[in-house]
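Q: Structure in structure tokens, see below.
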Amino acid sequence: MTIQVKFFASMRDLMGDDQSISRDIVEQQGIQTVDDVWTYCAQGKEKPSNVLIAVNMDYVDGQTQVKAGDEVAFFPPVTGG
Amino acid sequence: MTIQVKFFASMRDLMGDDQSISRDIVEQQGIQTVDDVWTYCAQGKEKPSNVLIAVNMDYVDGQTQVKAGDEVAFFPPVTGG
Amino acid sequence: MHIAINSEPFDPWQVLNDYQNEKSELQGKYGATAVFVGTMRDFNEGDDVSEMFLEHYPGMTEHHLENICSQATGEHQLLDSLVVHRVGVIQPNDPIVLVAVWTAHRKQAFEACREIMEDLKSKAPFWKKEQLNDGQNRWVGKNTKGY
Amino acid sequence: MHIAINSEPFDPWQVLNDYQNEKSELQGKYGATAVFVGTMRDFNEGDDVSEMFLEHYPGMTEHHLENICSQATGEHQLLDSLVVHRVGVIQPNDPIVLVAVWTAHRKQAFEACREIMEDLKSKAPFWKKEQLNDGQNRWVGKNTKGY
């Protein structure tokens with residue numbers, strides 16, 4: 001089982017991988033919260049203070065627990081409309 | 001020279017003359033204000049408290065002076081839109 | 001800025017389409033369009049309404065609608081505005097009034113459109129007479145509050 | 001209630017015309033329609049903008065637009081609501097977003113249309129990247145305040 005992680009817009013640019021908006025990480029690496037997911041993926045990059053986070057498409061904060069099968073997304077303030 | 005007087009909607013019905021929305025009154029009859037115009041035209045009917053009044057298409061109150069050539073209109077609260 | 005009093009039915013979406021297409025100078029300049037359409041219902045105050053007659057005061061109505069739009073244009077930096085209002089015999093589901101404004105930003109558009117509509121409701125000389133299903137007819141006494 | 005994400009240009013007036021014509025059950029019941037259209041300008045924050053790319057989060061975007069419209073429907077007694085939003089490459093003067101609501105009375109229509117639009121601006125996952133005339137491009141940092 002895996003956790004699917006997505007980065008959108010400038011957050012994807014920040015992660016330095018312009019092509020991929022989605023990556024799967026395996027579960028058994030001490031990842032318990034959304035912040036752990038960020039730390040695992042970000043390779044030392046600090047989480048921007050204005051980042052927005054969704055788990056399974058609902059807004060959450062960094063302390064939210066994640067589990068196998070979850071979809072975790074990081075993105076900047078929204079600018080639609 | 002005359003003053004043209006118009007009644008609209010329920011105010012025209014009140015005046016008991018359903019066909020005519022406009023009548024001219026001659027000036028020299030002691031008519032100085034909009035209220036005098038009402039009194040002259042209304043044949044004893046009391047002016048309703050919610051009546052709206054326009055002279056030359058701008059809103060005024062009953063004490064407004066009228067002069068030859070003016071167009072005076074009486075109508076109920078507006079209900080457009 | 002355009003004001004129209006229509007004695008014939010009008011299609012608000014067609015009117016907006018035509019009006020905007022003619023305004024080539026606006027293209028790329030407006031970011032926000034707010035629109036209100038008032039439509040005749042087939043009921044009012046608990047009664048079924050079969051038809052309506054809308055009277056106005058020719059001249060004064062146009063004069064006040066122009067004043068209302070001019071004031072909103074100054075207060076809310078409108079790039080353009082449009083008001084169309086039906087008069088005469090009106091059937092249920094007929095559009096009665098269309099108010100549209102074009103601005104750079106949405107705040108001004110929302111506020112101006114609503115203000116124009118409220119001013120129209122309280123100041124523009126129109127009067128509605130309803131024909132009820134039971135054959136009676138009645139003048140509408142006053143407009144409902146908009147805030 | 002209808003939500004659409006369009007990757008192709010759309011004509012808001014045509015969309016409204018088609019949508020309303022299909023809704024025969026609404027006829028005679030709604031007295032008020034409030035509409036907002038957001039359109040791409042050819043300038044932003046002092047710079048000329050030649051093109052825009054609009055990204056979204058498929059699934060989450062639709063989910064949140066549905067939540068927003070459902071909440072407004074309950075709060076403002078909406079008879080119906082419609083949201084259409086463009087994604088992909090957008091040119092100046094292209095419509096970006098359409099919000100429309102139908103109600104019995106105008107107060108609810110004005111308030112619901114604006115609230116849906118503000119909620120969309122603050123919660124729906126869309127992101128704009130502007131291509132400037134000088135060849136540079138930039139993500140838009142945040143939306144302007146709507147109140």
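Residues are referred to by chain and number: the chain letter is A, B, ... according to the order shown in the structure tokens, the number counts from 1 in that chain, and ligands are numbered separately from 1 in the order shown.
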So that I can see what lies close to Trp38 in chain B, please list as a ChimeraX atom specification the residues with an atom at most 10 Å from it, counting only C-alpha atoms and leaving out residues fewer than 2 positions away in the same chain.
A: /B:5,31,33-36,40-47,62,72-74
Q: Show me, as a list in words, every residue of chain B with an atom at most 10 Å from chain C, counting only C-alpha atoms.
A: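 Those within range of chain C come out as Lys6, Phe7, Phe8, Ala9, Ser10, Leu52, Ala54, Val55, Asn56, Met57, Asp58, Tyr59, Ala73, Phe75, Pro76, Pro77, Val78, Thr79, Gly80 and Gly81 of chain B.
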Q: Just need chain D moved onto chain C: least-squares over all Cα atoms matched in order, then output as a tab-separated table (two decimals) with N, CA and C atoms, in the first residue's frame.
A:
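Below is the file that was written, selection09.tsv:
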chain	number	residue	atom	x	y	z
D	1	MET	N	-22.95	53.26	-21.41
D	1	MET	CA	-24.19	53.25	-20.63
D	1	MET	C	-25.38	53.25	-21.57
D	2	HIS	N	-26.28	52.33	-21.33
D	2	HIS	CA	-27.45	52.26	-22.19
D	2	HIS	C	-28.68	51.92	-21.36
D	3	ILE	N	-29.77	52.68	-21.62
D	3	ILE	CA	-31.05	52.50	-20.93
D	3	ILE	C	-32.10	52.19	-21.99
D	4	ALA	N	-32.91	51.17	-21.76
D	4	ALA	CA	-33.98	50.88	-22.72
D	4	ALA	C	-35.26	50.50	-22.00
D	5	ILE	N	-36.36	51.05	-22.48
D	5	ILE	CA	-37.70	50.66	-22.02
D	5	ILE	C	-38.33	49.87	-23.16
D	6	ASN	N	-38.64	48.60	-22.90
D	6	ASN	CA	-39.15	47.72	-23.96
D	6	ASN	C	-40.63	47.41	-23.77
D	7	SER	N	-41.42	47.64	-24.78
D	7	SER	CA	-42.83	47.22	-24.69
D	7	SER	C	-43.02	45.81	-25.26
D	8	GLU	N	-41.96	45.24	-25.81
D	8	GLU	CA	-42.01	43.86	-26.31
D	8	GLU	C	-41.11	42.98	-25.45
D	9	PRO	N	-41.39	41.66	-25.41
D	9	PRO	CA	-40.51	40.75	-24.65
D	9	PRO	C	-39.07	40.84	-25.13
D	10	PHE	N	-38.14	40.60	-24.19
D	10	PHE	CA	-36.72	40.58	-24.58
D	10	PHE	C	-36.04	39.39	-23.92
D	11	ASP	N	-34.98	38.94	-24.56
D	11	ASP	CA	-34.19	37.81	-24.06
D	11	ASP	C	-32.91	38.39	-23.45
D	12	PRO	N	-32.77	38.36	-22.12
D	12	PRO	CA	-31.63	39.05	-21.50
D	12	PRO	C	-30.28	38.52	-21.98
D	13	TRP	N	-30.19	37.23	-22.24
D	13	TRP	CA	-28.89	36.66	-22.64
D	13	TRP	C	-28.52	37.11	-24.05
D	14	GLN	N	-29.54	37.22	-24.91
D	14	GLN	CA	-29.31	37.71	-26.27
D	14	GLN	C	-28.91	39.19	-26.23
D	15	VAL	N	-29.61	39.95	-25.38
D	15	VAL	CA	-29.30	41.38	-25.24
D	15	VAL	C	-27.86	41.56	-24.77
D	16	LEU	N	-27.46	40.78	-23.78
D	16	LEU	CA	-26.09	40.88	-23.25
D	16	LEU	C	-25.07	40.50	-24.31
D	17	ASN	N	-25.35	39.44	-25.03
D	17	ASN	CA	-24.45	38.99	-26.08
D	17	ASN	C	-24.27	40.10	-27.13
D	18	ASP	N	-25.38	40.66	-27.59
D	18	ASP	CA	-25.32	41.69	-28.63
D	18	ASP	C	-24.61	42.94	-28.12
D	19	TYR	N	-24.95	43.33	-26.89
D	19	TYR	CA	-24.38	44.56	-26.34
D	19	TYR	C	-22.86	44.44	-26.19
D	20	GLN	N	-22.43	43.32	-25.63
D	20	GLN	CA	-21.00	43.13	-25.39
D	20	GLN	C	-20.22	43.02	-26.69
D	21	ASN	N	-20.81	42.37	-27.69
D	21	ASN	CA	-20.11	42.22	-28.97
D	21	ASN	C	-19.87	43.57	-29.65
D	22	GLU	N	-20.79	44.51	-29.40
D	22	GLU	CA	-20.64	45.84	-30.01
D	22	GLU	C	-19.56	46.68	-29.34
D	23	LYS	N	-19.20	46.30	-28.11
D	23	LYS	CA	-18.32	47.14	-27.30
D	23	LYS	C	-16.87	46.68	-27.44
D	24	SER	N	-16.32	46.80	-28.62
D	24	SER	CA	-14.97	46.30	-28.84
D	24	SER	C	-13.95	47.03	-27.98
D	25	GLU	N	-14.26	48.29	-27.61
D	25	GLU	CA	-13.30	49.06	-26.81
D	25	GLU	C	-13.18	48.52	-25.38
D	26	LEU	N	-14.14	47.70	-24.96
D	26	LEU	CA	-14.09	47.12	-23.61
D	26	LEU	C	-13.23	45.86	-23.54
D	27	GLN	N	-12.98	45.26	-24.68
D	27	GLN	CA	-12.34	43.94	-24.70
D	27	GLN	C	-10.96	43.96	-24.04
D	28	GLY	N	-10.77	43.03	-23.12
D	28	GLY	CA	-9.52	42.93	-22.40
D	28	GLY	C	-9.42	43.86	-21.21
D	29	LYS	N	-10.38	44.82	-21.08
D	29	LYS	CA	-10.31	45.81	-20.00
D	29	LYS	C	-11.16	45.42	-18.79
D	30	TYR	N	-12.24	44.71	-19.01
D	30	TYR	CA	-13.11	44.35	-17.88
D	30	TYR	C	-12.78	42.95	-17.41
D	31	GLY	N	-12.73	42.81	-16.09
D	31	GLY	CA	-12.50	41.50	-15.50
D	31	GLY	C	-13.76	40.94	-14.87
D	32	ALA	N	-14.76	41.80	-14.67
D	32	ALA	CA	-15.95	41.40	-13.93
D	32	ALA	C	-17.22	41.94	-14.60
D	33	THR	N	-18.19	41.07	-14.71
D	33	THR	CA	-19.52	41.46	-15.17
D	33	THR	C	-20.52	40.92	-14.15
D	34	ALA	N	-21.34	41.80	-13.58
D	34	ALA	CA	-22.40	41.35	-12.68
D	34	ALA	C	-23.74	41.68	-13.33
D	35	VAL	N	-24.63	40.71	-13.28
D	35	VAL	CA	-25.91	40.82	-13.98
D	35	VAL	C	-27.04	40.44	-13.03
D	36	PHE	N	-28.12	41.20	-13.11
D	36	PHE	CA	-29.35	40.78	-12.42
D	36	PHE	C	-30.49	40.76	-13.43
D	37	VAL	N	-31.27	39.70	-13.37
D	37	VAL	CA	-32.48	39.62	-14.19
D	37	VAL	C	-33.68	39.37	-13.27
D	38	GLY	N	-34.67	40.24	-13.35
D	38	GLY	CA	-35.93	40.03	-12.65
D	38	GLY	C	-36.94	39.45	-13.61
D	39	THR	N	-37.60	38.38	-13.19
D	39	THR	CA	-38.50	37.63	-14.07
D	39	THR	C	-39.88	37.55	-13.42
D	40	MET	N	-40.94	37.56	-14.21
D	40	MET	CA	-42.28	37.49	-13.63
D	40	MET	C	-42.58	36.09	-13.14
D	41	ARG	N	-42.97	36.00	-11.87
D	41	ARG	CA	-43.39	34.72	-11.30
D	41	ARG	C	-44.89	34.52	-11.56
D	42	ASP	N	-45.35	33.28	-11.39
D	42	ASP	CA	-46.78	33.03	-11.58
D	42	ASP	C	-47.52	33.04	-10.24
D	43	PHE	N	-46.85	33.60	-9.20
D	43	PHE	CA	-47.50	33.74	-7.89
D	43	PHE	C	-46.95	34.97	-7.19
D	44	ASN	N	-47.73	35.55	-6.29
D	44	ASN	CA	-47.27	36.68	-5.48
D	44	ASN	C	-48.17	36.80	-4.25
D	45	GLU	N	-47.57	36.95	-3.11
D	45	GLU	CA	-48.32	37.11	-1.86
D	45	GLU	C	-49.42	36.07	-1.71
D	46	GLY	N	-49.10	34.82	-2.05
D	46	GLY	CA	-50.03	33.72	-1.84
D	46	GLY	C	-51.07	33.50	-2.93
D	47	ASP	N	-51.08	34.36	-3.96
D	47	ASP	CA	-52.08	34.21	-5.01
D	47	ASP	C	-51.43	33.84	-6.34
D	48	ASP	N	-52.20	33.10	-7.16
D	48	ASP	CA	-51.73	32.80	-8.52
D	48	ASP	C	-51.96	34.03	-9.40
D	49	VAL	N	-50.93	34.40	-10.11
D	49	VAL	CA	-51.00	35.58	-10.98
D	49	VAL	C	-50.95	35.11	-12.43
D	50	SER	N	-51.91	35.56	-13.25
D	50	SER	CA	-51.98	35.05	-14.63
D	50	SER	C	-51.33	36.01	-15.62
D	51	GLU	N	-51.27	37.29	-15.25
D	51	GLU	CA	-50.77	38.30	-16.18
D	51	GLU	C	-50.46	39.56	-15.39
D	52	MET	N	-49.67	40.43	-15.96
D	52	MET	CA	-49.32	41.66	-15.26
D	52	MET	C	-49.30	42.81	-16.25
D	53	PHE	N	-49.68	43.99	-15.76
D	53	PHE	CA	-49.55	45.19	-16.59
D	53	PHE	C	-48.54	46.10	-15.91
D	54	LEU	N	-47.55	46.55	-16.67
D	54	LEU	CA	-46.51	47.40	-16.11
D	54	LEU	C	-46.58	48.79	-16.73
D	55	GLU	N	-46.95	49.75	-15.89
D	55	GLU	CA	-47.07	51.13	-16.33
D	55	GLU	C	-45.79	51.89	-15.99
D	56	HIS	N	-45.46	52.92	-16.74
D	56	HIS	CA	-44.34	53.78	-16.37
D	56	HIS	C	-44.66	55.22	-16.71
D	57	TYR	N	-43.77	56.10	-16.39
D	57	TYR	CA	-43.92	57.54	-16.62
D	57	TYR	C	-42.90	57.91	-17.69
D	58	PRO	N	-43.32	57.89	-18.95
D	58	PRO	CA	-42.36	58.12	-20.05
D	58	PRO	C	-41.61	59.43	-19.83
D	59	GLY	N	-40.34	59.40	-19.99
D	59	GLY	CA	-39.52	60.59	-19.76
D	59	GLY	C	-38.89	60.55	-18.39
D	60	MET	N	-39.73	60.56	-17.36
D	60	MET	CA	-39.18	60.53	-16.01
D	60	MET	C	-38.47	59.20	-15.73
D	61	THR	N	-39.02	58.12	-16.24
D	61	THR	CA	-38.40	56.81	-16.00
D	61	THR	C	-36.99	56.77	-16.58
D	62	GLU	N	-36.87	57.15	-17.83
D	62	GLU	CA	-35.55	57.13	-18.48
D	62	GLU	C	-34.58	58.08	-17.75
D	63	HIS	N	-35.11	59.27	-17.41
D	63	HIS	CA	-34.30	60.28	-16.72
D	63	HIS	C	-33.73	59.72	-15.41
D	64	HIS	N	-34.56	59.03	-14.64
D	64	HIS	CA	-34.07	58.51	-13.36
D	64	HIS	C	-33.16	57.30	-13.54
D	65	LEU	N	-33.42	56.46	-14.51
D	65	LEU	CA	-32.51	55.33	-14.76
D	65	LEU	C	-31.13	55.85	-15.18
D	66	GLU	N	-31.12	56.91	-15.97
D	66	GLU	CA	-29.82	57.50	-16.36
D	66	GLU	C	-29.10	58.08	-15.15
D	67	ASN	N	-29.84	58.78	-14.29
D	67	ASN	CA	-29.23	59.30	-13.06
D	67	ASN	C	-28.64	58.19	-12.21
D	68	ILE	N	-29.40	57.12	-12.05
D	68	ILE	CA	-28.98	55.99	-11.20
D	68	ILE	C	-27.70	55.37	-11.75
D	69	CYS	N	-27.66	55.16	-13.06
D	69	CYS	CA	-26.46	54.55	-13.66
D	69	CYS	C	-25.27	55.51	-13.64
D	70	SER	N	-25.53	56.79	-13.83
D	70	SER	CA	-24.43	57.77	-13.78
D	70	SER	C	-23.81	57.81	-12.39
D	71	GLN	N	-24.67	57.79	-11.38
D	71	GLN	CA	-24.17	57.83	-10.01
D	71	GLN	C	-23.33	56.57	-9.70
D	72	ALA	N	-23.83	55.42	-10.11
D	72	ALA	CA	-23.09	54.16	-9.87
D	72	ALA	C	-21.77	54.15	-10.65
D	73	THR	N	-21.78	54.72	-11.84
D	73	THR	CA	-20.56	54.76	-12.65
D	73	THR	C	-19.46	55.52	-11.93
D	74	GLY	N	-19.84	56.66	-11.32
D	74	GLY	CA	-18.86	57.45	-10.58
D	74	GLY	C	-18.39	56.77	-9.30
D	75	GLU	N	-19.34	56.19	-8.59
D	75	GLU	CA	-19.01	55.61	-7.28
D	75	GLU	C	-18.20	54.32	-7.40
D	76	HIS	N	-18.45	53.54	-8.44
D	76	HIS	CA	-17.86	52.20	-8.51
D	76	HIS	C	-16.97	52.01	-9.73
D	77	GLN	N	-16.55	53.09	-10.34
D	77	GLN	CA	-15.65	53.02	-11.50
D	77	GLN	C	-16.15	52.02	-12.56
D	78	LEU	N	-17.41	52.16	-12.93
D	78	LEU	CA	-17.96	51.26	-13.94
D	78	LEU	C	-17.36	51.57	-15.31
D	79	LEU	N	-17.01	50.53	-16.03
D	79	LEU	CA	-16.58	50.70	-17.41
D	79	LEU	C	-17.78	50.82	-18.33
D	80	ASP	N	-18.86	50.16	-17.95
D	80	ASP	CA	-20.10	50.28	-18.72
D	80	ASP	C	-21.26	49.76	-17.88
D	81	SER	N	-22.49	50.15	-18.26
D	81	SER	CA	-23.68	49.66	-17.59
D	81	SER	C	-24.84	49.62	-18.57
D	82	LEU	N	-25.78	48.75	-18.28
D	82	LEU	CA	-26.91	48.50	-19.17
D	82	LEU	C	-28.14	48.21	-18.32
D	83	VAL	N	-29.25	48.91	-18.60
D	83	VAL	CA	-30.51	48.61	-17.93
D	83	VAL	C	-31.60	48.48	-19.00
D	84	VAL	N	-32.32	47.38	-18.97
D	84	VAL	CA	-33.47	47.17	-19.85
D	84	VAL	C	-34.67	46.85	-18.97
D	85	HIS	N	-35.80	47.50	-19.22
D	85	HIS	CA	-37.00	47.26	-18.40
D	85	HIS	C	-38.21	47.11	-19.31
D	86	ARG	N	-38.99	46.06	-19.07
D	86	ARG	CA	-40.24	45.84	-19.80
D	86	ARG	C	-41.33	46.76	-19.28
D	87	VAL	N	-42.24	47.16	-20.16
D	87	VAL	CA	-43.51	47.78	-19.78
D	87	VAL	C	-44.62	47.10	-20.58
D	88	GLY	N	-45.87	47.39	-20.22
D	88	GLY	CA	-47.02	46.83	-20.94
D	88	GLY	C	-47.49	45.53	-20.34
D	89	VAL	N	-48.11	44.69	-21.15
D	89	VAL	CA	-48.68	43.42	-20.68
D	89	VAL	C	-47.59	42.36	-20.64
D	90	ILE	N	-47.45	41.73	-19.48
D	90	ILE	CA	-46.34	40.80	-19.24
D	90	ILE	C	-46.90	39.45	-18.79
D	91	GLN	N	-46.34	38.38	-19.30
D	91	GLN	CA	-46.76	37.02	-18.95
D	91	GLN	C	-45.78	36.40	-17.96
D	92	PRO	N	-46.27	35.44	-17.14
D	92	PRO	CA	-45.34	34.73	-16.25
D	92	PRO	C	-44.17	34.16	-17.05
D	93	ASN	N	-42.99	34.20	-16.42
D	93	ASN	CA	-41.72	33.75	-16.99
D	93	ASN	C	-41.11	34.76	-17.96
D	94	ASP	N	-41.79	35.87	-18.25
D	94	ASP	CA	-41.16	36.93	-19.05
D	94	ASP	C	-40.13	37.69	-18.20
D	95	PRO	N	-38.96	37.95	-18.74
D	95	PRO	CA	-38.03	38.87	-18.06
D	95	PRO	C	-38.66	40.26	-17.94
D	96	ILE	N	-38.52	40.87	-16.76
D	96	ILE	CA	-39.03	42.22	-16.52
D	96	ILE	C	-37.90	43.24	-16.58
D	97	VAL	N	-36.79	42.91	-15.92
D	97	VAL	CA	-35.70	43.88	-15.83
D	97	VAL	C	-34.35	43.17	-15.97
D	98	LEU	N	-33.43	43.85	-16.62
D	98	LEU	CA	-32.05	43.39	-16.75
D	98	LEU	C	-31.15	44.54	-16.32
D	99	VAL	N	-30.25	44.27	-15.38
D	99	VAL	CA	-29.21	45.24	-14.99
D	99	VAL	C	-27.86	44.56	-15.18
D	100	ALA	N	-26.97	45.18	-15.88
D	100	ALA	CA	-25.63	44.61	-16.07
D	100	ALA	C	-24.58	45.69	-15.94
D	101	VAL	N	-23.47	45.37	-15.30
D	101	VAL	CA	-22.35	46.31	-15.17
D	101	VAL	C	-21.04	45.60	-15.48
D	102	TRP	N	-20.10	46.38	-16.01
D	102	TRP	CA	-18.78	45.86	-16.35
D	102	TRP	C	-17.73	46.68	-15.59
D	103	THR	N	-16.81	46.00	-14.90
D	103	THR	CA	-15.77	46.68	-14.12
D	103	THR	C	-14.45	45.91	-14.25
D	104	ALA	N	-13.38	46.54	-13.75
D	104	ALA	CA	-12.09	45.84	-13.73
D	104	ALA	C	-12.10	44.73	-12.68
D	105	HIS	N	-12.68	45.01	-11.50
D	105	HIS	CA	-12.62	44.06	-10.38
D	105	HIS	C	-14.02	43.70	-9.88
D	106	ARG	N	-14.14	42.54	-9.23
D	106	ARG	CA	-15.47	42.00	-8.93
D	106	ARG	C	-16.20	42.76	-7.82
D	107	LYS	N	-15.49	43.31	-6.85
D	107	LYS	CA	-16.15	44.02	-5.76
D	107	LYS	C	-17.06	45.13	-6.30
D	108	GLN	N	-16.51	45.95	-7.16
D	108	GLN	CA	-17.29	47.04	-7.75
D	108	GLN	C	-18.49	46.52	-8.53
D	109	ALA	N	-18.29	45.45	-9.26
D	109	ALA	CA	-19.39	44.92	-10.09
D	109	ALA	C	-20.54	44.45	-9.21
D	110	PHE	N	-20.22	43.65	-8.18
D	110	PHE	CA	-21.29	43.15	-7.30
D	110	PHE	C	-22.03	44.30	-6.62
D	111	GLU	N	-21.28	45.26	-6.10
D	111	GLU	CA	-21.92	46.34	-5.35
D	111	GLU	C	-22.73	47.26	-6.26
D	112	ALA	N	-22.20	47.58	-7.42
D	112	ALA	CA	-22.90	48.50	-8.32
D	112	ALA	C	-24.17	47.85	-8.86
D	113	CYS	N	-24.11	46.59	-9.23
D	113	CYS	CA	-25.28	45.93	-9.80
D	113	CYS	C	-26.43	45.93	-8.78
D	114	ARG	N	-26.09	45.59	-7.55
D	114	ARG	CA	-27.13	45.55	-6.52
D	114	ARG	C	-27.68	46.94	-6.21
D	115	GLU	N	-26.79	47.93	-6.12
D	115	GLU	CA	-27.24	49.30	-5.83
D	115	GLU	C	-28.12	49.86	-6.93
D	116	ILE	N	-27.74	49.61	-8.17
D	116	ILE	CA	-28.58	50.09	-9.28
D	116	ILE	C	-29.96	49.46	-9.18
D	117	MET	N	-29.98	48.16	-8.89
D	117	MET	CA	-31.26	47.45	-8.79
D	117	MET	C	-32.10	48.00	-7.64
D	118	GLU	N	-31.49	48.25	-6.49
D	118	GLU	CA	-32.25	48.79	-5.35
D	118	GLU	C	-32.74	50.21	-5.63
D	119	ASP	N	-31.90	51.01	-6.26
D	119	ASP	CA	-32.33	52.37	-6.62
D	119	ASP	C	-33.49	52.32	-7.62
D	120	LEU	N	-33.36	51.44	-8.59
D	120	LEU	CA	-34.44	51.28	-9.57
D	120	LEU	C	-35.74	50.92	-8.85
D	121	LYS	N	-35.65	49.97	-7.92
D	121	LYS	CA	-36.84	49.50	-7.19
D	121	LYS	C	-37.48	50.61	-6.35
D	122	SER	N	-36.67	51.53	-5.84
D	122	SER	CA	-37.22	52.53	-4.92
D	122	SER	C	-37.48	53.88	-5.60
D	123	LYS	N	-36.87	54.13	-6.75
D	123	LYS	CA	-36.98	55.47	-7.35
D	123	LYS	C	-37.54	55.53	-8.76
D	124	ALA	N	-37.33	54.49	-9.56
D	124	ALA	CA	-37.75	54.60	-10.97
D	124	ALA	C	-39.27	54.43	-11.06
D	125	PRO	N	-39.97	55.37	-11.72
D	125	PRO	CA	-41.43	55.32	-11.75
D	125	PRO	C	-42.00	54.24	-12.67
D	126	PHE	N	-42.17	53.07	-12.07
D	126	PHE	CA	-42.86	51.93	-12.69
D	126	PHE	C	-43.91	51.47	-11.70
D	127	TRP	N	-45.04	50.95	-12.22
D	127	TRP	CA	-46.08	50.40	-11.34
D	127	TRP	C	-46.63	49.12	-11.93
D	128	LYS	N	-46.79	48.13	-11.06
D	128	LYS	CA	-47.29	46.82	-11.50
D	128	LYS	C	-48.74	46.63	-11.09
D	129	LYS	N	-49.53	46.14	-12.02
D	129	LYS	CA	-50.91	45.74	-11.72
D	129	LYS	C	-51.02	44.26	-12.05
D	130	GLU	N	-51.41	43.48	-11.06
D	130	GLU	CA	-51.49	42.03	-11.24
D	130	GLU	C	-52.91	41.60	-11.60
D	131	GLN	N	-52.98	40.71	-12.58
D	131	GLN	CA	-54.25	40.05	-12.92
D	131	GLN	C	-54.20	38.67	-12.26
D	132	LEU	N	-55.12	38.42	-11.34
D	132	LEU	CA	-55.11	37.13	-10.63
D	132	LEU	C	-55.91	36.09	-11.42
D	133	ASN	N	-55.66	34.82	-11.06
D	133	ASN	CA	-56.35	33.74	-11.76
D	133	ASN	C	-57.86	33.81	-11.59
D	134	ASP	N	-58.32	34.40	-10.48
D	134	ASP	CA	-59.76	34.46	-10.25
D	134	ASP	C	-60.40	35.67	-10.96
D	135	GLY	N	-59.65	36.35	-11.80
D	135	GLY	CA	-60.22	37.44	-12.59
D	135	GLY	C	-60.05	38.82	-11.96
D	136	GLN	N	-59.79	38.86	-10.66
D	136	GLN	CA	-59.54	40.14	-9.99
D	136	GLN	C	-58.21	40.73	-10.48
D	137	ASN	N	-58.09	42.05	-10.37
D	137	ASN	CA	-56.76	42.62	-10.54
D	137	ASN	C	-56.48	43.63	-9.45
D	138	ARG	N	-55.20	43.89	-9.21
D	138	ARG	CA	-54.79	44.76	-8.10
D	138	ARG	C	-53.45	45.41	-8.41
D	139	TRP	N	-53.31	46.66	-7.98
D	139	TRP	CA	-52.01	47.31	-8.02
D	139	TRP	C	-51.13	46.71	-6.92
D	140	VAL	N	-49.87	46.45	-7.25
D	140	VAL	CA	-48.92	46.02	-6.22
D	140	VAL	C	-48.63	47.23	-5.33
D	141	GLY	N	-48.74	47.06	-4.01
D	141	GLY	CA	-48.68	48.20	-3.10
D	141	GLY	C	-47.28	48.77	-2.91
D	142	LYS	N	-46.32	47.88	-2.74
D	142	LYS	CA	-44.94	48.35	-2.60
D	142	LYS	C	-43.99	47.20	-2.85
D	143	ASN	N	-42.74	47.56	-3.14
D	143	ASN	CA	-41.73	46.54	-3.37
D	143	ASN	C	-41.21	45.98	-2.06
D	144	THR	N	-40.80	44.70	-2.11
D	144	THR	CA	-40.18	44.08	-0.94
D	144	THR	C	-38.78	44.68	-0.74
D	145	LYS	N	-38.32	44.60	0.49
D	145	LYS	CA	-36.98	45.12	0.82
D	145	LYS	C	-35.91	44.24	0.17
D	146	GLY	N	-34.85	44.90	-0.27
D	146	GLY	CA	-33.78	44.19	-0.95
D	146	GLY	C	-32.56	43.93	-0.09
D	147	TYR	N	-32.55	44.50	1.13
D	147	TYR	CA	-31.41	44.25	2.03
D	147	TYR	C	-31.88	43.61	3.32
Q: Would you mind reading off the distance between CA of Val66 in chain A and CA of Asn50 in chain A, one decimal, in Å?
A: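 Between CA of Val66 in chain A and CA of Asn50 in chain A the gap is 20.5 Å.
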Q: As a list in words, which residues of chain B does DSSP assign to helix (DSSP H, G or I)?
A: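 Assigned to helix (DSSP H, G or I), within chain B: Ser10, Met11, Arg12, Asp13, Leu14, Val34, Asp35, Asp36, Val37, Trp38, Thr39, Tyr40, Cys41 and Ala42 of chain B.
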